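Q: Dropping in entry-v3.txt, which is compact mmCIF, C-alpha atoms:
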# COMPACT_ATOMS: atom_id res chain seq x y z
CA MET A 1 59.87 -61.46 -17.34
CA ASN A 2 57.63 -64.53 -17.06
CA ASN A 3 54.53 -65.27 -19.12
CA GLU A 4 52.11 -63.96 -16.47
CA GLN A 5 53.82 -60.56 -16.39
CA VAL A 6 53.83 -60.35 -20.20
CA PHE A 7 50.13 -61.12 -20.28
CA LEU A 8 49.33 -58.40 -17.71
CA LEU A 9 51.47 -55.90 -19.64
CA VAL A 10 49.56 -56.67 -22.85
CA ILE A 11 46.23 -56.20 -21.05
CA VAL A 12 47.34 -52.82 -19.66
CA ILE A 13 48.52 -51.65 -23.11
CA ILE A 14 45.20 -52.69 -24.68
CA VAL A 15 43.21 -50.82 -22.00
CA VAL A 16 45.33 -47.69 -22.48
CA ILE A 17 44.84 -47.82 -26.25
CA MET A 18 41.05 -48.25 -25.91
CA VAL A 19 40.79 -45.31 -23.47
CA ALA A 20 42.81 -43.15 -25.85
CA ILE A 21 40.56 -44.10 -28.78
CA VAL A 22 37.37 -43.31 -26.83
CA TRP A 23 38.75 -39.99 -25.61
CA ALA A 24 39.86 -39.01 -29.13
CA SER A 25 36.45 -39.92 -30.52
CA LYS A 26 34.61 -37.81 -27.92
CA THR A 27 36.96 -34.91 -28.46
CA ARG A 28 36.42 -35.05 -32.23
CA ARG A 29 32.62 -35.10 -31.87
CA ARG A 30 32.74 -32.25 -29.38
CA LEU A 31 34.82 -30.11 -31.70
CA LYS A 32 32.51 -30.92 -34.57
CA ARG A 33 29.44 -29.80 -32.60
CA VAL A 34 31.14 -26.58 -31.56
CA ILE A 35 32.15 -25.75 -35.13
CA LEU A 36 28.80 -26.64 -36.65
CA GLY A 37 26.88 -24.96 -33.85
CA ARG A 38 28.78 -21.74 -34.41
CA PHE A 39 27.42 -21.57 -37.94
CA GLY A 40 23.99 -23.00 -37.07
CA THR A 41 24.33 -25.87 -39.53
CA GLY A 42 24.67 -28.84 -37.20
CA PRO A 43 22.15 -31.69 -37.03
CA GLU A 44 20.93 -30.35 -33.66
CA ALA A 45 20.47 -26.79 -34.88
CA GLY A 46 16.73 -27.19 -35.29
CA GLN A 47 16.39 -29.27 -32.11
CA ALA A 48 17.88 -26.91 -29.54
CA LYS A 49 16.23 -26.79 -26.13
CA PRO A 50 13.76 -23.91 -25.78
CA GLN A 51 15.06 -21.01 -23.75
CA ALA A 52 13.09 -18.73 -21.45
CA PRO A 53 11.54 -15.89 -23.47
CA GLU A 54 13.51 -12.70 -23.27
CA ARG A 55 11.87 -9.55 -21.99
CA THR A 56 10.81 -7.27 -24.78
CA GLN A 57 12.94 -4.16 -24.74
CA PRO A 58 11.39 -0.76 -25.46
CA GLY A 59 11.39 -0.16 -29.18
CA SER A 60 11.94 -3.80 -30.09
CA SER A 61 9.40 -5.89 -31.96
CA PRO A 62 7.42 -8.18 -29.60
CA HIS A 63 6.94 -11.84 -30.37
CA ILE A 64 3.72 -12.28 -32.32
CA LEU A 65 1.58 -14.89 -30.56
CA SER A 66 -0.59 -17.33 -32.40
CA VAL A 67 -4.34 -17.46 -31.78
CA ASP A 68 -4.05 -20.27 -29.25
CA GLU A 69 -1.00 -18.69 -27.60
CA SER A 70 -2.77 -15.35 -27.20
CA LYS A 71 -5.77 -17.01 -25.54
CA ALA A 72 -3.55 -18.95 -23.13
CA GLU A 73 -1.42 -15.89 -22.35
CA LEU A 74 -4.46 -13.72 -21.66
CA GLU A 75 -5.94 -16.35 -19.35
CA ARG A 76 -2.60 -16.64 -17.54
CA LEU A 77 -2.36 -12.87 -17.07
CA HIS A 78 -5.94 -12.58 -15.81
CA LYS A 79 -5.23 -15.21 -13.18
CA LEU A 80 -2.02 -13.51 -12.06
CA ILE A 81 -3.80 -10.14 -11.93
CA GLU A 82 -6.62 -11.59 -9.81
CA ASP A 83 -4.02 -13.01 -7.43
CA ARG A 84 -2.46 -9.57 -7.07
CA LYS A 85 -5.82 -7.90 -6.61
CA GLU A 86 -6.54 -10.38 -3.84
CA ILE A 87 -3.35 -9.23 -2.11
CA ALA A 88 -4.59 -5.65 -2.33
CA ARG A 89 -8.00 -6.60 -0.95
CA THR A 90 -6.54 -8.71 1.87
CA THR A 91 -4.17 -5.96 3.04
CA ASP A 92 -6.68 -3.12 2.46
CA ILE A 93 -3.80 -1.18 0.92
CA SER A 94 -6.20 0.91 -1.20
CA TYR A 95 -8.09 2.09 1.90
CA HIS A 96 -4.88 2.80 3.80
CA LEU A 97 -3.58 4.94 0.94
CA TRP A 98 -6.88 6.74 0.45
CA GLY A 99 -7.07 7.50 4.17
CA LEU A 100 -3.55 8.89 4.12
CA TYR A 101 -4.29 10.89 0.98
CA GLN A 102 -7.44 12.42 2.44
CA ASN A 103 -5.46 13.72 5.38
CA LEU A 104 -2.64 14.96 3.20
CA VAL A 105 -5.12 16.85 1.03
CA ARG A 106 -7.08 18.27 3.96
CA HIS A 107 -4.07 19.27 6.03
CA ASN A 108 -2.36 20.84 3.01
CA SER A 109 -5.15 23.34 2.41
CA PRO A 110 -4.14 27.00 2.86
CA ASN A 111 -6.52 27.33 5.82
CA SER A 112 -5.06 24.37 7.70
CA GLN A 113 -4.03 25.00 11.29
CA ASP A 114 -2.43 21.57 11.76
CA ARG A 115 0.93 22.14 13.47
CA HIS A 116 2.44 18.91 12.11
CA VAL A 117 1.97 19.98 8.51
CA GLN A 118 3.04 23.55 9.16
CA ALA A 119 6.29 22.16 10.58
CA GLY A 120 6.76 20.02 7.46
CA GLU A 121 5.92 16.74 9.19
CA TRP A 122 2.77 14.65 9.43
CA TYR A 123 3.54 11.87 11.87
CA ASP A 124 6.05 9.72 9.91
CA VAL A 125 5.38 11.55 6.62
CA LYS A 126 7.52 14.46 5.52
CA ILE A 127 5.63 16.54 2.98
CA LEU A 128 7.91 17.89 0.26
CA GLN A 129 5.59 19.67 -2.18
CA ALA A 130 1.92 20.08 -3.03
CA SER A 131 1.03 21.29 -6.51
CA GLN A 132 -1.58 21.25 -9.23
CA HIS A 133 -0.79 21.03 -12.93
CA ASN A 134 -3.04 20.30 -15.92
CA GLY A 135 -5.85 19.15 -13.66
CA LEU A 136 -3.61 16.79 -11.67
CA ASN A 137 -3.30 17.19 -7.89
CA LYS A 138 0.21 16.14 -6.86
CA PHE A 139 1.62 15.58 -3.39
CA ALA A 140 5.30 14.73 -3.11
CA PHE A 141 6.38 13.35 0.26
CA GLU A 142 8.95 11.20 1.99
CA LEU A 143 8.24 8.15 4.12
CA LYS A 144 11.06 6.45 6.05
CA GLY A 145 13.66 8.06 3.80
CA VAL A 146 11.94 7.02 0.55
CA LYS A 147 10.33 9.57 -1.75
CA TYR A 148 6.86 9.04 -3.21
CA GLN A 149 4.20 11.01 -5.01
CA LEU A 150 0.43 10.74 -4.78
CA VAL A 151 -1.49 12.01 -7.82
CA ASP A 152 -5.21 12.21 -8.55
CA ASP A 153 -6.85 13.10 -11.86
CA GLU A 154 -10.24 14.10 -10.42
CA GLU A 155 -10.21 17.52 -12.08
CA GLN A 156 -9.55 15.95 -15.49
CA GLN A 157 -12.62 13.70 -15.40
CA GLY A 158 -16.12 14.64 -16.47
CA TRP A 159 -19.41 14.15 -14.64
CA CYS A 160 -21.90 11.34 -15.19
CA GLU A 161 -25.09 12.76 -13.70
CA ASN A 162 -24.07 13.40 -10.09
CA MET A 163 -21.05 11.08 -10.11
CA LYS A 164 -17.47 11.30 -11.21
CA TYR A 165 -14.94 8.50 -11.68
CA PHE A 166 -11.23 9.14 -11.32
CA SER A 167 -7.99 7.45 -10.19
CA LEU A 168 -5.53 7.88 -7.36
CA PHE A 169 -1.95 6.97 -8.28
CA LEU A 170 1.08 6.28 -6.10
CA TYR A 171 4.50 6.68 -7.75
CA ASN A 172 7.94 5.87 -6.42
CA ASP A 173 10.95 8.14 -6.80
CA ALA A 174 11.77 6.56 -10.18
CA GLY A 175 8.34 7.52 -11.54
CA ARG A 176 7.02 3.94 -11.52
CA CYS A 177 3.34 3.56 -10.70
CA LEU A 178 3.06 1.28 -7.65
CA ILE A 179 -0.73 1.28 -7.54
CA GLU A 180 -3.68 2.88 -9.34
CA ILE A 181 -6.83 3.02 -7.24
CA PRO A 182 -10.13 3.56 -9.07
CA MET A 183 -12.33 6.01 -7.17
CA LYS A 184 -15.93 7.21 -7.36
CA MET A 185 -17.14 10.56 -6.12
CA LYS A 186 -20.86 11.23 -5.62
CA VAL A 187 -22.50 14.55 -4.84
CA ASP A 188 -25.90 14.80 -3.14
CA SER A 189 -27.65 16.97 -0.58
CA THR A 190 -25.18 15.89 2.12
CA GLY A 191 -22.13 16.87 0.08
CA ARG A 192 -19.39 14.87 -1.56
CA THR A 193 -18.95 11.17 -0.85
CA TYR A 194 -15.90 9.24 -1.98
CA SER A 195 -15.70 5.46 -2.34
CA ILE A 196 -13.18 2.95 -3.66
CA SER A 197 -14.12 0.60 -6.50
CA SER A 198 -14.65 -2.97 -5.35
CA ASP A 199 -13.03 -4.27 -8.55
CA GLY A 200 -9.59 -3.69 -7.09
CA PRO A 201 -6.66 -1.63 -8.38
CA LYS A 202 -6.08 -1.07 -12.09
CA ALA A 203 -2.32 -1.38 -11.55
CA PHE A 204 -0.48 -2.87 -8.61
CA LEU A 205 3.16 -3.75 -7.86
CA PRO A 206 3.30 -5.43 -4.42
CA GLY A 207 6.43 -4.87 -2.37
CA GLY A 208 7.92 -3.80 0.93
CA TRP A 209 6.52 -0.31 0.47
CA MET A 210 3.08 -1.64 1.46
CA ASN A 211 4.09 -2.29 5.08
CA ASP A 212 5.42 1.26 5.47
CA PHE A 213 2.14 2.79 4.31
CA ILE A 214 -0.03 0.44 6.35
CA ASN A 215 2.02 1.16 9.47
CA VAL A 216 1.87 4.93 9.08
CA LYS A 217 -1.89 4.77 8.47
CA LEU A 218 -2.38 2.60 11.57
CA LYS A 219 -0.19 4.93 13.60
CA ARG A 220 -2.20 7.90 12.41
CA GLN A 221 -5.42 6.10 13.33
CA ARG A 222 -4.07 5.20 16.76
CA LEU A 223 -3.01 8.79 17.49
CA HIS A 224 -6.33 10.07 16.17
CA ASN A 225 -8.19 7.72 18.51
CA GLN A 226 -6.04 8.94 21.40
CA GLU A 227 -6.96 12.54 20.54
CA ILE A 228 -10.65 11.62 20.48
CA ARG A 229 -10.41 9.89 23.88
CA ALA A 230 -8.53 12.87 25.33
CA GLN A 231 -11.15 15.29 23.97
CA LYS A 232 -14.00 13.23 25.45
CA HIS A 233 -12.15 13.10 28.77
CA ARG A 234 -11.85 16.90 28.83
CA GLU A 235 -15.53 17.23 28.00
CA ARG A 236 -16.49 14.87 30.85
CA LEU A 237 -14.33 16.79 33.33
CA SER A 238 -15.93 20.03 32.23
CA GLU A 239 -19.42 18.55 32.58
CA ILE A 240 -18.60 17.21 36.05
CA GLU A 241 -17.48 20.63 37.24
CA GLU A 242 -20.54 22.30 35.75
CA LEU A 243 -22.99 19.82 37.34
CA LYS A 244 -21.29 20.10 40.75
CA GLU A 245 -21.58 23.87 40.62
CA ARG A 246 -25.23 23.83 39.51
CA PHE A 247 -26.41 21.38 42.16
CA GLY A 248 -24.14 22.36 45.01
CA PHE A 249 -21.91 19.35 45.09
CA LEU A 250 -18.77 21.41 45.49
CA ASP A 251 -15.94 19.85 47.45
Reformat the file's structure so that it appears as structure tokens.

A:
Amino acid sequence: MNNEQVFLLVIVIIVVIMVAIVWASKTRRRLKRVILGRFGTGPEAGQAKPQAPERTQPGSSPHILSVDESKAELERLHKLIEDRKEIARTTDISYHLWGLYQNLVRHNSPNSQDRHVQAGEWYDVKILQASQHNGLNKFAFELKGVKYQLVDDEEQQGWCENMKYFSLFLYNDAGRCLIEIPMKMKVDSTGRTYSISSDGPKAFLPGGWMNDFINVKLKRQRLHNQEIRAQKHRERLSEIEELKERFGFLD
């Protein structure tokens, strides 16, 4: 073995020794952090990266916010709520639901002659049960294979002069409130008038369910318009026949 080969061999041995030392040092520090971290006594114990706040479980004590934190959190929530209310206003989901509810209530009355309801169907809505309990009007139904319940608390609310304020709720099959619509009912010489509060819903969980309700309301409106046009057509035909007979324009 010549001098050049010996020199290269020495260099390789030195490199191997240095790599081994570095690896051993890193391994030792890593083990030390693991051991100290397990007992929470390491130098980085008080400098850990903040984690996302965990959801408060029912029955557990919520994190107590400081004065500044509570102000910031309330402002954040108000902004998020306004964003969601804007979704409700843009889609007119409150009006679609109220329109559907009005028809469910009207067609579910004992004097109803509507053949769709008597057969258990109302367009795409399958009515399961209508009931009243403790001043709550409840209508359980199924839409596209999903069960829902509409509830109003009108009978539970008192009068303010000639007006009454109440809420219309939509629940899913799990009992979760998807939307709470604030309503106002006014009574005058013309009868009862219902209107939806312009402030937006008091509770609202946007989701795919909105499209199903909007579509069924639009379908109902389209079929209703077709019925109106057909009725007007029949009335015109009847008027034509009557005028021809009166003035001698018979074919």

Q: Quick one: everything within 10 Å of range 213-215 of chain A, counting all atoms listed in the file, minus sequence neighbours fewer than 3 positions away in the same chain. Send it as a list in words.

A: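 Here the answer would be Thr91, Asp92, Ile93, Ser94, Tyr95, His96, Leu97, Leu100, Asp124, Val125, Leu143, Lys144, Gly208, Trp209, Met210, Leu218, Lys219, Arg220 and Gln221 of chain A.
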
Q: In Å, rounded to a single decimal, give me how far CA of Leu168 in chain A is from CA of Gln149 in chain A.

A: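 For CA of Gln149 in chain A relative to CA of Leu168 in chain A, the distance reads 10.5 Å.
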
Q: So that I can check the surroundings of Leu80 in chain A, please list as a PyMOL selection string every protein, DNA and RNA residue that reaches within 12 Å of it, counting only C-alpha atoms and ignoring chain neighbours fewer than 6 positions away.

A: chain A and resi 73-74+86-87+204-205

Q: Find the distance between CA of Tyr194 in chain A and CA of Gln157 in chain A and write it in Å to one decimal.

A: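 Separating CA of Tyr194 in chain A from CA of Gln157 in chain A is a distance of 14.5 Å.
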
Q: One decimal, Å: what's the distance from CA of Gly145 in chain A over to CA of Val216 in chain A, could you say?

A: 13.3 Å

Q: Which residue out of A:Ala88, A:Leu136, A:Met18, A:Leu104 has the minimum interatomic distance to Pro201 in chain A when all atoms listed in the file are used?

A: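 Closest to Pro201 in chain A of all the choices is A:Ala88.
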
Q: From the options A:Arg192, A:Arg76, A:Lys217, A:Lys147, which residue's atoms come nearest to Asn162 in chain A, counting all atoms listed in the file?

A: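 Closest residue, counting all atoms listed in the file: A:Arg192.
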
Q: So, with only C-alpha atoms as the atoms that count, which of A:Ser197, A:Ser70, A:Ser238, A:Gln102 lies closest to Val151 in chain A?

A: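 For Val151 in chain A, the nearest of the candidates is A:Gln102.
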
Q: Measuring atom to atom with only C-alpha atoms, identify which of A:Ala72, A:Asp173, A:Ile81, A:Phe166 is nearest to Ser195 in chain A.

A: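 Closest to Ser195 in chain A of all the choices is A:Phe166.
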
Q: Point out the residue among A:Val16, A:Leu9, A:Ile64, A:Val146 with the least atom-to-atom distance to Asp212 in chain A, counting all atoms listed in the file.

A: A:Val146

Q: Which protein, DNA or RNA residues have an atom at most 10 Å from (-15.9, 3.3, -4.5), counting only C-alpha atoms? List them as a list in words.

A: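 Here the neighbourhood of the point contains Tyr165, Ile181, Pro182, Met183, Lys184, Met185, Lys186, Thr193, Tyr194, Ser195, Ile196, Ser197, Ser198, Asp199 and Gly200 of chain A.
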
Q: Since fewer atoms than expected are present, regenerate N, CA and C atoms for range 194-212 of chain A and write them as an mmCIF file, in the coordinates of the input.

A:
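Output file part-v1.cif is given in full below:
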data_model
loop_
_atom_site.group_PDB
_atom_site.id
_atom_site.type_symbol
_atom_site.label_atom_id
_atom_site.label_comp_id
_atom_site.auth_asym_id
_atom_site.auth_seq_id
_atom_site.Cartn_x
_atom_site.Cartn_y
_atom_site.Cartn_z
ATOM 1 N N TYR A 194 -16.885 9.977 -1.209
ATOM 2 C CA TYR A 194 -15.900 9.240 -1.980
ATOM 3 C C TYR A 194 -15.947 7.755 -1.605
ATOM 4 N N SER A 195 -15.753 6.906 -2.590
ATOM 5 C CA SER A 195 -15.700 5.460 -2.340
ATOM 6 C C SER A 195 -14.704 4.825 -3.298
ATOM 7 N N ILE A 196 -14.168 3.674 -2.867
ATOM 8 C CA ILE A 196 -13.180 2.950 -3.660
ATOM 9 C C ILE A 196 -13.870 1.826 -4.416
ATOM 10 N N SER A 197 -13.526 1.670 -5.684
ATOM 11 C CA SER A 197 -14.120 0.600 -6.500
ATOM 12 C C SER A 197 -13.813 -0.766 -5.910
ATOM 13 N N SER A 198 -14.826 -1.620 -5.898
ATOM 14 C CA SER A 198 -14.650 -2.970 -5.350
ATOM 15 C C SER A 198 -13.934 -3.905 -6.323
ATOM 16 N N ASP A 199 -13.705 -3.439 -7.548
ATOM 17 C CA ASP A 199 -13.030 -4.270 -8.550
ATOM 18 C C ASP A 199 -11.537 -4.423 -8.278
ATOM 19 N N GLY A 200 -11.019 -3.614 -7.379
ATOM 20 C CA GLY A 200 -9.590 -3.690 -7.090
ATOM 21 C C GLY A 200 -8.796 -2.708 -7.932
ATOM 22 N N PRO A 201 -7.494 -2.599 -7.665
ATOM 23 C CA PRO A 201 -6.660 -1.630 -8.380
ATOM 24 C C PRO A 201 -6.518 -1.957 -9.861
ATOM 25 N N LYS A 202 -6.312 -0.901 -10.653
ATOM 26 C CA LYS A 202 -6.080 -1.070 -12.090
ATOM 27 C C LYS A 202 -4.615 -1.375 -12.388
ATOM 28 N N ALA A 203 -3.757 -1.049 -11.450
ATOM 29 C CA ALA A 203 -2.320 -1.380 -11.550
ATOM 30 C C ALA A 203 -1.819 -1.589 -10.138
ATOM 31 N N PHE A 204 -0.914 -2.553 -9.964
ATOM 32 C CA PHE A 204 -0.480 -2.870 -8.610
ATOM 33 C C PHE A 204 0.835 -3.634 -8.650
ATOM 34 N N LEU A 205 1.856 -3.096 -7.989
ATOM 35 C CA LEU A 205 3.160 -3.750 -7.860
ATOM 36 C C LEU A 205 3.430 -3.983 -6.383
ATOM 37 N N PRO A 206 3.081 -5.159 -5.860
ATOM 38 C CA PRO A 206 3.300 -5.430 -4.420
ATOM 39 C C PRO A 206 4.777 -5.329 -4.072
ATOM 40 N N GLY A 207 5.044 -4.969 -2.824
ATOM 41 C CA GLY A 207 6.430 -4.870 -2.370
ATOM 42 C C GLY A 207 6.499 -4.434 -0.926
ATOM 43 N N GLY A 208 7.719 -4.210 -0.456
ATOM 44 C CA GLY A 208 7.920 -3.800 0.930
ATOM 45 C C GLY A 208 7.322 -2.450 1.254
ATOM 46 N N TRP A 209 7.085 -1.635 0.233
ATOM 47 C CA TRP A 209 6.520 -0.310 0.470
ATOM 48 C C TRP A 209 5.143 -0.393 1.126
ATOM 49 N N MET A 210 4.433 -1.501 0.915
ATOM 50 C CA MET A 210 3.080 -1.640 1.460
ATOM 51 C C MET A 210 3.087 -1.580 2.986
ATOM 52 N N ASN A 211 4.033 -2.270 3.613
ATOM 53 C CA ASN A 211 4.090 -2.290 5.080
ATOM 54 C C ASN A 211 4.305 -0.897 5.641
ATOM 55 N N ASP A 212 5.157 -0.095 4.983
ATOM 56 C CA ASP A 212 5.420 1.260 5.470
ATOM 57 C C ASP A 212 4.144 2.094 5.457
#
